[in-house]
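Colleague: Mind having a look at this structure? Questions to follow.
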Amino acid sequence: VQLQASGGGLVQPGGSLRLSCSASRDLFSKSRMAWYRQVPGEQRRLVATTALNGNPHYADSLEGRFSITRDNAKSTLYLQMNNLKPEDTAVYFCNAYGFQYDYWGQGTLVTVSS
């Protein structure tokens, strides 16, 4: 099982980033997908999820700035992050889940700082 997240980096407040997460075709085609983030010393927290049909769900505080999408043809999950704030600094993880399974990628660091 492979989930590969990418796209993190250093961005100034107010800037944008797009994270990507590629998965194996078999896994992606049957899985609901999600993004989580984790600040050192804190719990991993949900950012957004997307169903197989692409319907999104967001953590309350993030809807409007973040957008989760999936490209089923490319087996890739995206997270578009706009108007980034310093408090968005975290390691972002992609997650593939379904009946009796739950897989995680390795995480990509997003740092929002001037």
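Residue numbering restarts at 1 for every chain of the structure tokens, chains are lettered A, B, ... in their displayed order, and ligands are numbered from 1 as they appear.
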Can you list, as a PyMOL selection string, every protein, DNA or RNA residue that comes within 10 Å of Cys94 of chain A when you count only C-alpha atoms, leaving out same-chain residues fewer than 6 positions away?

Modeller: chain A and resi 3-6+19-23+33-37+47-49+77-79+103-108

Colleague: Could you save the residues just selected, with N, CA and C atoms, as a short mmCIF file (atom, residue, chain, number, x, y, z; two decimals), in the first residue's frame?

Modeller:
```
data_model
loop_
_atom_site.label_atom_id
_atom_site.label_comp_id
_atom_site.auth_asym_id
_atom_site.auth_seq_id
_atom_site.Cartn_x
_atom_site.Cartn_y
_atom_site.Cartn_z
N LEU A 3 0.91 5.51 -0.29
CA LEU A 3 0.34 6.84 -0.41
C LEU A 3 1.52 7.80 -0.37
N GLN A 4 1.64 8.65 -1.36
CA GLN A 4 2.77 9.56 -1.46
C GLN A 4 2.26 10.98 -1.51
N ALA A 5 2.50 11.71 -0.42
CA ALA A 5 2.09 13.11 -0.36
C ALA A 5 3.23 14.01 -0.79
N SER A 6 2.88 15.12 -1.43
CA SER A 6 3.89 16.08 -1.87
C SER A 6 3.26 17.47 -1.95
N LEU A 19 -1.41 20.68 -2.19
CA LEU A 19 -0.83 19.39 -1.84
C LEU A 19 -1.41 18.31 -2.74
N SER A 20 -0.58 17.31 -3.01
CA SER A 20 -1.02 16.17 -3.80
C SER A 20 -0.73 14.89 -3.04
N CYS A 21 -1.53 13.88 -3.30
CA CYS A 21 -1.31 12.57 -2.71
C CYS A 21 -1.64 11.52 -3.76
N SER A 22 -0.64 10.81 -4.20
CA SER A 22 -0.87 9.77 -5.18
C SER A 22 -1.01 8.43 -4.48
N ALA A 23 -1.84 7.58 -5.04
CA ALA A 23 -2.09 6.27 -4.46
C ALA A 23 -2.12 5.22 -5.55
N MET A 33 -11.10 9.26 0.88
CA MET A 33 -9.80 9.87 1.09
C MET A 33 -9.93 11.07 2.01
N ALA A 34 -8.83 11.37 2.68
CA ALA A 34 -8.87 12.48 3.62
C ALA A 34 -7.50 13.11 3.76
N TRP A 35 -7.50 14.34 4.21
CA TRP A 35 -6.30 15.04 4.65
C TRP A 35 -6.43 15.32 6.14
N TYR A 36 -5.33 15.09 6.84
CA TYR A 36 -5.21 15.45 8.25
C TYR A 36 -3.97 16.32 8.39
N ARG A 37 -3.87 16.98 9.52
CA ARG A 37 -2.66 17.72 9.81
C ARG A 37 -2.32 17.56 11.29
N VAL A 47 -8.65 17.57 8.40
CA VAL A 47 -8.76 18.78 7.58
C VAL A 47 -9.98 18.68 6.68
N ALA A 48 -10.04 17.58 5.91
CA ALA A 48 -11.15 17.40 4.97
C ALA A 48 -11.19 15.96 4.51
N THR A 49 -12.37 15.53 4.08
CA THR A 49 -12.54 14.21 3.50
C THR A 49 -13.27 14.33 2.17
N LEU A 77 -5.17 12.60 -4.97
CA LEU A 77 -5.94 13.46 -4.09
C LEU A 77 -5.25 14.80 -3.98
N TYR A 78 -6.03 15.88 -3.92
CA TYR A 78 -5.45 17.22 -3.82
C TYR A 78 -6.04 17.97 -2.63
N LEU A 79 -5.25 18.91 -2.15
CA LEU A 79 -5.74 19.87 -1.17
C LEU A 79 -5.25 21.24 -1.58
N TYR A 103 -5.21 3.60 5.79
CA TYR A 103 -3.81 3.72 5.41
C TYR A 103 -3.39 5.18 5.40
N TRP A 104 -2.11 5.39 5.72
CA TRP A 104 -1.57 6.74 5.83
C TRP A 104 -0.35 6.94 4.96
N GLY A 105 -0.22 8.14 4.42
CA GLY A 105 1.00 8.53 3.75
C GLY A 105 2.00 9.06 4.76
N GLN A 106 3.17 9.48 4.25
CA GLN A 106 4.28 9.85 5.13
C GLN A 106 4.22 11.28 5.62
N GLY A 107 3.39 12.12 5.06
CA GLY A 107 3.28 13.49 5.51
C GLY A 107 4.15 14.45 4.73
N THR A 108 3.66 15.66 4.59
CA THR A 108 4.43 16.72 3.94
C THR A 108 4.28 17.98 4.78
#
```

Colleague: Could you list, as a ChimeraX atom specification, every residue within 7 Å of Val11 of chain A, counting only C-alpha atoms and ignoring same-chain residues fewer than 4 positions away?

Modeller: /A:15,111-113

Colleague: Store the residues picked out above in a file with C-alpha atoms, as an mmCIF file, in the first residue's frame.

Modeller:
```cif
data_model
loop_
_atom_site.group_PDB
_atom_site.id
_atom_site.type_symbol
_atom_site.label_atom_id
_atom_site.label_comp_id
_atom_site.auth_asym_id
_atom_site.auth_seq_id
_atom_site.Cartn_x
_atom_site.Cartn_y
_atom_site.Cartn_z
ATOM 1 C CA GLY A 15 -0.272 32.654 0.097
ATOM 2 C CA THR A 111 5.252 26.143 6.977
ATOM 3 C CA VAL A 112 3.449 29.480 6.854
ATOM 4 C CA SER A 113 5.784 32.252 7.869
#
```

Colleague: How many Å separate atom CA of Tyr97 of chain A from atom CA of Ser31 of chain A?

Modeller: 5.4 Å

Colleague: Using only C-alpha atoms, which of the listed residues (A:Asn83, A:Ser29, A:Glu42, A:Arg18) sits closest to Ile68 of chain A?

Modeller: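 Of all the options, A:Arg18 lies closest to Ile68 of chain A.
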
Colleague: Any idea what the distance is between atom CA of Leu109 of chain A and atom CA of Leu10 of chain A?

Modeller: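 Atom CA of Leu109 of chain A sits 8.4 Å away from atom CA of Leu10 of chain A.
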
Colleague: Chain A: which residues are strand (DSSP E) by DSSP, as a ChimeraX atom specification?

Modeller: /A:3-6,9-11,17-23,32-38,45-50,56-58,66-71,76-81,90-98,101-104,108-112

Colleague: Could you work out how far atom CA of Ser67 of chain A lies from atom CA of Gln2 of chain A, giving the answer in Å with one decimal?

Modeller: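 Going from atom CA of Gln2 of chain A over to atom CA of Ser67 of chain A, I get 22.8 Å.
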
Colleague: If you count only C-alpha atoms, which residues fall within 7 Å of Ser75 of chain A, apart from same-chain ones fewer than 3 positions away, as a compact mmCIF listing (two decimals) with C-alpha atoms, in the first residue's frame?

Modeller:
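Everything below was put into selection30.txt:
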```
# COMPACT_ATOMS: atom_id res chain seq x y z
CA SER A 22 -0.87 9.77 -5.18
CA ALA A 23 -2.09 6.27 -4.46
CA SER A 24 -2.17 2.92 -6.11
CA ARG A 25 -5.06 2.60 -8.52
CA PHE A 28 -7.75 4.85 -4.68
CA ASP A 71 -8.87 12.87 -9.70
CA ASN A 72 -9.95 9.28 -10.05
```

Colleague: Report the residues of chain A whose backbone DSSP state falls under helix (DSSP H, G or I), written as a ChimeraX atom specification.

Modeller: /A:25-30,86-88

Colleague: Looking at only C-alpha atoms, which of A:Leu46, A:Asp60, A:Gln12, A:Arg32 is the one that sits closest to Leu84 of chain A?

Modeller: A:Gln12
